[in-house]
Structures are given as C-alpha cells and as structure tokens.
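Enquirer: Provided herewith: protein_13.cif, mmCIF, C-alpha atoms and all ligand atoms.
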data_target
#
loop_
_atom_site.label_atom_id
_atom_site.label_comp_id
_atom_site.auth_asym_id
_atom_site.auth_seq_id
_atom_site.Cartn_x
_atom_site.Cartn_y
_atom_site.Cartn_z
CA MET B 818 127.28 80.22 110.71
CA VAL B 819 126.58 82.79 108.01
CA ILE B 820 123.47 84.00 109.81
CA GLY B 821 125.43 84.31 113.04
CA TRP B 822 128.10 86.23 111.21
CA ALA B 823 125.62 88.56 109.55
CA GLY B 824 123.33 88.95 112.58
CA MET B 825 122.66 92.47 113.81
CA ARG B 826 123.19 91.74 117.47
CA GLY B 827 124.72 95.19 117.79
CA VAL B 828 121.34 96.84 117.86
CA VAL B 829 120.53 95.18 121.16
CA THR B 830 123.85 96.19 122.67
CA LEU B 831 123.43 99.81 121.62
CA ALA B 832 119.85 99.95 122.82
CA ALA B 833 120.87 98.44 126.17
CA ALA B 834 123.58 101.07 126.55
CA PHE B 835 121.21 103.92 125.70
CA ILE B 836 118.59 102.93 128.27
CA LEU B 837 121.09 103.04 131.11
CA PRO B 838 119.71 105.46 133.71
CA PRO B 839 121.23 108.93 133.32
CA GLN B 840 122.77 108.76 136.81
CA THR B 841 124.76 105.60 135.94
CA PRO B 842 128.41 106.37 136.62
CA GLN B 843 130.49 106.54 133.45
CA ARG B 844 127.32 106.40 131.28
CA VAL B 845 128.96 108.32 128.47
CA VAL B 846 131.92 106.00 128.46
CA LEU B 847 129.68 102.92 128.41
CA VAL B 848 127.60 104.21 125.53
CA LEU B 849 130.72 105.15 123.60
CA ALA B 850 132.26 101.73 124.27
CA ALA B 851 129.11 99.99 123.09
CA PHE B 852 129.08 102.13 119.96
CA VAL B 853 132.72 101.36 119.15
CA VAL B 854 132.22 97.62 119.66
CA VAL B 855 129.04 97.57 117.55
CA ALA B 856 130.45 99.73 114.76
CA GLY B 857 133.65 97.67 114.77
CA THR B 858 131.88 94.33 114.49
CA LEU B 859 129.46 95.67 111.88
CA VAL B 860 132.24 96.98 109.68
CA LEU B 861 134.48 93.95 110.13
CA GLN B 862 131.76 91.34 109.69
CA GLY B 863 129.87 93.35 107.09
CA THR B 864 132.84 93.78 104.83
CA THR B 865 134.03 90.20 105.14
CA LEU B 866 130.59 88.60 104.69
CA PRO B 867 130.74 88.28 100.88
CA MET B 868 134.18 86.67 101.20
CA LEU B 869 132.91 84.22 103.80
CA VAL B 870 129.96 83.24 101.60
CA ARG B 871 132.25 82.71 98.60
CA ARG B 872 134.74 80.72 100.69
CA MET B 873 131.95 78.41 101.89
CA GLY B 874 130.68 77.90 98.32
CA LEU B 875 127.09 78.74 99.20
CA PRO B 876 124.75 79.33 96.25
CA GLY B 877 123.78 82.97 95.91
CA PRO B 878 120.18 84.12 95.65
CA ASP B 879 118.69 83.18 92.30
CA PRO B 880 116.43 85.97 91.01
CA ALA B 881 115.01 83.84 88.19
CA GLN B 882 114.10 81.08 90.64
CA ASP B 883 112.46 83.66 92.92
CA ALA B 884 110.54 85.13 89.97
CA LEU B 885 109.24 81.66 89.08
CA GLN B 886 108.00 80.97 92.60
CA GLU B 887 106.58 84.46 92.86
CA ALA B 888 104.57 83.92 89.67
CA ALA B 889 103.24 80.58 90.94
CA LEU B 890 102.27 82.08 94.31
CA LEU B 891 100.56 85.09 92.71
CA HIS B 892 98.73 82.73 90.37
CA ASP B 893 97.39 80.85 93.39
CA MET B 894 96.45 84.01 95.25
CA VAL B 895 94.57 85.37 92.27
CA ARG B 896 92.74 82.08 91.83
CA VAL B 897 91.54 82.25 95.44
CA ALA B 898 90.59 85.91 95.01
CA LEU B 899 88.58 85.19 91.86
CA VAL B 900 86.63 82.44 93.64
CA ARG B 901 85.94 84.89 96.46
CA LEU B 902 84.86 87.53 93.98
CA ASP B 903 82.25 85.15 92.58
CA GLU B 904 81.01 84.47 96.11
CA ILE B 905 80.63 88.08 97.19
CA THR B 906 79.28 89.70 94.04
CA THR B 907 75.54 90.06 93.76
CA ASP B 908 73.27 91.23 90.95
CA ASN B 909 73.44 94.69 92.52
CA ASP B 910 77.17 95.04 91.86
CA PRO B 911 77.81 96.86 88.59
CA PRO B 912 79.09 94.24 86.12
CA GLU B 913 81.72 96.61 84.72
CA VAL B 914 83.19 97.06 88.22
CA VAL B 915 83.36 93.30 88.74
CA GLN B 916 84.95 92.85 85.31
CA GLY B 917 87.45 95.61 86.13
CA LEU B 918 88.47 93.78 89.31
CA ARG B 919 88.82 90.54 87.39
CA ASN B 920 91.04 92.19 84.77
CA ARG B 921 93.29 93.76 87.39
CA LEU B 922 93.80 90.46 89.18
CA GLN B 923 94.49 88.67 85.92
CA GLY B 924 96.89 91.40 84.77
CA ARG B 925 98.92 91.01 87.94
CA THR B 926 99.52 87.27 87.46
CA ASP B 927 100.18 87.70 83.76
CA ALA B 928 102.82 90.33 84.50
CA ALA B 929 104.50 87.98 86.98
CA TRP B 930 104.67 85.14 84.45
CA GLU B 931 105.96 87.53 81.81
CA GLN B 932 108.96 88.30 84.03
CA LEU B 933 110.15 84.84 83.02
CA GLY B 934 111.44 84.03 79.57
CA ARG B 935 112.22 87.67 78.94
CA GLN B 936 115.55 87.15 77.30
CA SER B 937 113.90 85.32 74.44
CA ALA B 938 110.82 87.49 73.95
CA LEU B 939 111.33 89.18 70.62
CA ASN B 940 108.43 91.51 71.13
CA GLU B 941 107.49 93.67 74.04
CA THR B 942 105.36 91.70 76.50
CA PRO B 943 101.89 93.11 77.32
CA SER B 944 103.05 94.18 80.79
CA ASP B 945 106.09 95.93 79.23
CA ALA B 946 103.76 97.80 76.90
CA TYR B 947 101.51 98.75 79.81
CA ARG B 948 104.48 100.07 81.78
CA ARG B 949 105.82 102.09 78.83
CA LEU B 950 102.46 103.73 78.12
CA ARG B 951 101.56 104.27 81.77
CA LEU B 952 104.92 105.91 82.56
CA ASP B 953 104.35 108.36 79.74
CA LEU B 954 100.88 109.20 81.03
CA LEU B 955 102.10 109.58 84.60
CA GLN B 956 104.64 112.09 83.37
CA VAL B 957 101.95 114.18 81.67
CA GLU B 958 99.67 113.98 84.69
CA ARG B 959 102.47 115.07 87.02
CA GLU B 960 103.36 118.04 84.79
CA HIS B 961 99.75 119.14 84.76
CA CYS B 962 99.60 118.87 88.53
CA LEU B 963 102.74 120.99 88.93
CA LYS B 964 101.28 123.57 86.58
CA ALA B 965 98.21 123.71 88.81
CA ARG B 966 100.54 124.34 91.74
CA ASP B 967 102.32 127.17 89.95
CA THR B 968 99.08 128.92 89.01
CA GLY B 969 97.64 128.37 92.47
CA ALA B 970 94.72 126.44 90.98
CA ALA B 971 94.77 123.82 93.76
CA ASP B 972 95.47 123.69 97.49
CA ASP B 973 98.77 122.30 98.77
CA VAL B 974 97.03 119.51 100.63
CA VAL B 975 95.19 118.45 97.51
CA LEU B 976 98.32 118.65 95.37
CA ARG B 977 100.33 116.58 97.81
CA ARG B 978 97.65 113.91 97.94
CA VAL B 979 97.38 113.73 94.16
CA LEU B 980 101.15 113.62 93.65
CA GLU B 981 101.39 110.85 96.22
CA ARG B 982 98.94 108.77 94.23
CA LEU B 983 101.07 109.18 91.12
CA ASP B 984 104.20 108.22 93.07
CA VAL B 985 102.57 105.07 94.42
CA GLU B 986 101.51 104.01 90.98
CA GLU B 987 104.89 104.76 89.50
CA SER B 988 106.71 102.85 92.22
CA MET B 989 104.61 99.80 91.38
CA LEU B 990 105.68 100.10 87.75
CA ASP B 991 109.34 100.37 88.74
CA ARG B 992 109.00 97.28 90.85
CA ASP B 993 108.00 95.32 87.75
CA GLU B 994 111.00 96.56 85.88
CA GLU B 995 113.54 94.60 87.92
CA GLU B 996 114.63 91.90 85.54
CA PRO B 997 115.87 88.62 86.89
CA ALA B 998 119.58 88.41 86.19
CA GLN B 999 120.17 85.73 83.62
CA ASP B 1000 122.77 83.08 84.09
CA ASP B 1001 123.51 79.66 82.68
CA ARG B 1002 121.51 77.70 85.20
CA GLU B 1003 118.37 76.21 83.71
CA LEU B 1004 115.26 77.53 85.39
CA ARG B 1005 113.29 74.71 86.97
CA ALA B 1006 111.04 74.46 90.01
CA PRO B 1007 112.39 72.98 93.28
CA ALA B 1008 111.99 69.18 93.15
CA SER B 1009 110.03 69.18 96.42
CA LEU B 1010 107.11 70.99 94.75
CA ALA B 1011 106.40 68.21 92.28
CA GLU B 1012 105.87 65.53 94.93
CA ALA B 1013 102.43 66.76 95.93
CA CYS B 1014 100.97 66.32 92.44
CA LYS B 1015 100.64 62.93 90.75
CA HIS B 1016 100.67 64.52 87.29
CA LEU B 1017 104.00 66.23 87.90
CA ALA B 1018 105.46 63.19 89.67
CA HIS B 1019 104.58 61.00 86.64
CA GLY B 1020 107.72 59.93 84.75
CA TRP B 1021 107.24 61.86 81.52
CA ARG B 1022 109.29 60.56 78.58
CA ASP B 1023 111.19 62.93 76.33
CA ILE B 1024 109.13 63.50 73.21
CA PRO B 1025 109.76 65.65 70.17
CA ALA B 1026 108.19 69.11 70.16
CA SER B 1027 105.61 69.87 67.49
CA SER B 1028 107.46 73.06 66.60
CA GLU B 1029 110.84 74.63 67.24
CA ASP B 1030 109.82 78.18 68.01
CA THR B 1031 106.28 79.00 66.96
CA CYS B 1032 102.70 78.61 68.14
CA ALA B 1033 101.05 76.96 65.14
CA ALA B 1034 97.55 77.89 66.33
CA CYS B 1035 98.55 81.57 66.54
CA ILE B 1036 99.97 81.50 63.03
CA GLU B 1037 96.75 79.94 61.78
CA GLU B 1038 94.68 82.67 63.46
CA GLY B 1039 97.06 85.49 62.52
CA LEU B 1040 97.97 86.24 66.16
CA THR B 1041 101.31 86.90 67.85
CA TRP B 1042 102.37 85.26 71.10
CA VAL B 1043 104.46 86.18 74.14
CA HIS B 1044 105.99 82.93 75.45
CA LEU B 1045 105.79 79.28 74.42
CA ARG B 1046 104.82 76.16 76.39
CA MET B 1047 105.09 72.49 75.43
CA CYS B 1048 102.67 69.70 76.36
CA LEU B 1049 104.59 66.82 77.99
CA LYS B 1050 102.04 64.26 76.81
CA CYS B 1051 102.00 64.97 73.07
CA GLY B 1052 104.68 67.63 72.45
CA ASN B 1053 102.22 70.28 71.30
CA VAL B 1054 103.88 73.71 71.41
CA ALA B 1055 101.49 76.58 72.12
CA CYS B 1056 101.36 80.05 73.59
CA CYS B 1057 101.10 81.16 77.24
CA ASP B 1058 98.27 82.87 79.11
CA SER B 1059 99.70 86.34 78.47
CA SER B 1060 99.25 85.73 74.77
CA VAL B 1061 95.94 86.63 73.17
CA GLY B 1062 95.40 83.06 71.95
CA LYS B 1063 96.15 81.32 75.30
CA HIS B 1064 96.61 78.22 73.17
CA ALA B 1065 98.47 76.09 75.75
CA ASP B 1066 95.51 76.47 78.10
CA LYS B 1067 93.13 75.76 75.24
CA HIS B 1068 95.13 72.62 74.40
CA PHE B 1069 94.65 71.43 77.98
CA ARG B 1070 90.92 72.15 77.90
CA ASP B 1071 90.56 70.30 74.56
CA THR B 1072 92.70 67.26 75.40
CA ARG B 1073 92.99 67.16 79.24
CA HIS B 1074 96.75 66.59 78.80
CA PRO B 1075 97.68 67.71 82.31
CA VAL B 1076 101.27 68.97 82.32
CA MET B 1077 103.20 71.46 80.24
CA ARG B 1078 106.73 72.79 80.49
CA SER B 1079 108.07 76.19 79.60
CA TYR B 1080 109.45 76.07 76.08
CA GLU B 1081 111.53 79.20 76.53
CA PRO B 1082 115.33 78.87 76.20
CA GLY B 1083 116.94 78.15 79.56
CA GLU B 1084 113.66 77.21 81.24
CA SER B 1085 112.33 73.76 82.07
CA TRP B 1086 109.87 74.51 84.85
CA ARG B 1087 106.57 72.64 84.53
CA TRP B 1088 102.96 73.39 85.33
CA CYS B 1089 100.09 71.06 86.15
CA PHE B 1090 96.88 72.47 84.68
CA VAL B 1091 94.72 70.16 86.78
CA ASP B 1092 96.14 71.10 90.19
CA LYS B 1093 97.34 74.53 89.05
CA GLN B 1094 100.73 73.79 90.45
CA LEU B 1095 104.34 74.46 89.65
CA GLY B 1096 106.80 71.59 89.80
ZN ZN B 1101 98.52 67.64 89.05
ZN ZN B 1102 98.98 80.70 70.31
ZN ZN B 1103 99.09 67.53 74.55
#
Would you encode the structure as structure tokens?

Expert:
Amino acid sequence: MVIGWAGMRGVVTLAAAFILPPQTPQRVVLVLAAFVVVAGTLVLQGTTLPMLVRRMGLPGPDPAQDALQEAALLHDMVRVALVRLDEITTDNDPPEVVQGLRNRLQGRTDAAWEQLGRQSALNETPSDAYRRLRLDLLQVEREHCLKARDTGAADDVVLRRVLERLDVEESMLDRDEEEPAQDDRELRAPASLAEACKHLAHGWRDIPASSEDTCAACIEEGLTWVHLRMCLKCGNVACCDSSVGKHADKHFRDTRHPVMRSYEPGESWRWCFVDKQLG
C-alpha cells in the first residue's frame, strides 16, 4: 500500500506523452494534461505520505540498525578480500604495498564498527581522529592547488583532475560523519540472523560482567580503549578491534569462548567469533 502510494508511476506517463509523434493531434494538450496529472499526484501523494506512514504505525528506518548490519557486511567483505589478497600476492609484490592494502581494508571495517556505540565513547575514536586530521590536510592541499592556479603554475586540466581527487576523498570522509540517530530502542541484530549459527542460537544465561565500564587488560597494559565487549560464556569485559589492545578478540583466541555482546549502553547485539557472524 505504502509502496503503491509512493510509487513514481508518473514518470512513465510523462515519458509516454513526450514520445507521442509530433503530428499527433492535440499533442501539446496531451503533454500538458499528463504533466498536470503527474504533478498533481506527486504533490498530493508526496505530501501526504508521511501522514499515511504515521497513521499505519509502520516503524521508520532505524539508522543504528542499518549501521550495525553495514558493519557486519563490511566485516565479511573485508574478510573475503583479505583471503583473496593472500591468494594473489606473490614474493614479487612489494611487502609494504601488500601491508598498505591490508591496513586500508582493516581501517574500513574498524570505522564501520566505530559508528556504533558513539554516544558512549568518551574519547575520539580512531576513525574520528583520522577524519579530523585528514580534513585539515585536505584543506591545506586544496589551498596550495588554488595558489598554483592563481600563479599559472599548472594547467587547468591538471588542476581540475587534482581538485577532483581531493573532492572524492573529502566526500568519503563526510560519508563517515553521518551519525546514527540515537533513540531509546536497544540495538540488537535481527533475530533471523542468529538461527544460522549454533553458537548464537545457544541459550546463553545472564551472567555478571567482570567489570562495569573498563577493559581490565588495557588498564594493566596502560592502554586506552574505544568500545567494550562482554563474553557471554564467562562475563569477561574487554575492548573491541578498533582498540589497540583488541582484548575481546584476544580473549576468544585464548579461551575459545565463542560469543560476545556489545557492552556499550543501549546495545545488545552479539557476535560469534567462530563463524564471524552477527546475531
Ligand atoms: Zn557461531
Ligand atoms: Zn583492552
Ligand atoms: Zn569468556
């Protein structure tokens, strides 16, 4: 019903009217009629759509939920890409290039996970810091480029190409800046996801957390952390993969306890380390 209401069927009508042969009698009138009908329905339906959705009590889009699924999907994509990277690299490929590729892939997933739990992060996340520093540098680079234009030190074609590069990079930074709107709903993964994994489907009992709001391993090593995770098997609270210590992952590797949950306020999504799956 909502899709029917929102559908852009008008485009077809208008297009049909425009391709009428020029010698069609009354062509102008037909095109005008089509335009009026299309514009009328667009305005009427467009302006009443939000009311209709509210009236029907449909849930709105949930940016936090989308961010969670986006992070899980990116995580998976990067995992596949890293496997592929191992397959295609040879001894002839410069190791620093391969490492650079690895870092970029990892940075992209980390940034996606860092989008979550933002409201509670006391410190700037690593991807926030990257964005802040990079934006400053982009500004300086752009100013230098414009100076080169003013002094005629570079061709127009070259300048345009270089400025375009800066724009592309900046637009990617902006994209990261969209923060999921926070509301009172607790962030969890869709129930359907958990069914495919026996670790997630296991009936985990509520157990006390080893700490209220710290990563004990980080404190011991004098590190700071970004977000916290809790092991569902033993309650161990440790830091996420964006943190230097990556202690939640280390806890899994040491103990093979398979599932953790986010220990950020308002989040209860879980992650199976074994199957690398959200649920
Ligand atoms: Zn699993
Ligand atoms: Zn830690
Ligand atoms: Zn554990």

Enquirer: Neighbours of Val1076 in chain B within 10 Å (only C-alpha atoms; same-chain residues fewer than 3 positions away dropped), as a list in words?

Expert: His1016, Leu1017, His1019, Trp1021, Arg1046, Met1047, Cys1048, Leu1049, Lys1050, Phe1069, Arg1073, Arg1087, Trp1088, Cys1089, Phe1090, Val1091, Asp1092, Lys1093, Gln1094, Leu1095 and Gly1096 of chain B

Enquirer: Near range 1036-1043 of chain B, within 8 Å and counting all atoms listed in the file, which residues show up once chain neighbours fewer than 6 positions away are dropped, as a list in words?

Expert: Glu931, Ala938, Asn940, Thr942, Cys1056, Cys1057, Ser1059, Ser1060, Val1061 and Gly1062 of chain B

Enquirer: Please return as a ChimeraX atom specification the residues found within 12 Å of ligand ZN 1103 (chain B), counting only C-alpha atoms and all ligand atoms.

Expert: /B:1024-1027,1046-1055,1064-1078,1090

Enquirer: Excluding Val897 in chain B and residues on its chain fewer than 6 positions from it, collect all residues at most 12 Å away from it, counting all atoms listed in the file, and give them as a PyMOL selection string.

Expert: chain B and resi 890-891+903-904+919+922-923+1093

Enquirer: Choose the residue, out of B:Arg951, B:Ala965, B:Gly917, B:Ala1013, that has the smallest atom-to-atom separation from ligand ZN 1101 (chain B); count all atoms listed in the file.

Expert: B:Ala1013

Enquirer: Hey, can you check how far CA of Arg925 in chain B sits from CA of Met894 in chain B?

Expert: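 Value for the CA of Arg925 in chain B-CA of Met894 in chain B distance: 10.4 Å.
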
Enquirer: Nearest to ligand ZN 1101 (chain B) among B:Ala1011, B:Val974, B:Cys1035, B:Ala929, with distances taken over only C-alpha atoms and all ligand atoms: which residue is it?

Expert: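 Distance minimum relative to ligand ZN 1101 (chain B) lands on B:Ala1011.
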
Enquirer: Just the number, please: distance in Å from CA of Cys1032 in chain B to CA of Glu941 in chain B, one decimal.

Expert: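 According to the coordinates, CA of Cys1032 in chain B and CA of Glu941 in chain B are separated by 16.9 Å.
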
Enquirer: So that all listed atoms of range 1066-1082 of chain B fit with 8 Å spare on each side, what axis-aligned box centre and edge lengths in Å, to one decimal, would you give as lines of an AutoDock Vina configuration file?

Expert:
center_x = 102.9
center_y = 72.9
center_z = 78.4
size_x = 40.8
size_y = 28.6
size_z = 23.9

Enquirer: Of the candidates B:Ala1034, B:Ala1018, B:Asp1058, B:His961, which one gets nearest to ligand ZN 1101 (chain B) if we count only C-alpha atoms and all ligand atoms?

Expert: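 Ranking B:Ala1034, B:Ala1018, B:Asp1058, B:His961 by distance to ligand ZN 1101 (chain B), first place goes to B:Ala1018.
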
Enquirer: Under the rule that all atoms listed in the file are counted, which of B:Val915, B:Ala881, B:Val900, B:Cys1014 is the nearest residue to ligand ZN 1101 (chain B)?

Expert: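 Once distances to ligand ZN 1101 (chain B) are computed over all atoms listed in the file, the minimum belongs to B:Cys1014.
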
Enquirer: Do you have the CA of Val979 in chain B-CA of Gln916 in chain B distance handy?

Expert: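 That distance, rounded to one decimal, is 25.9 Å.
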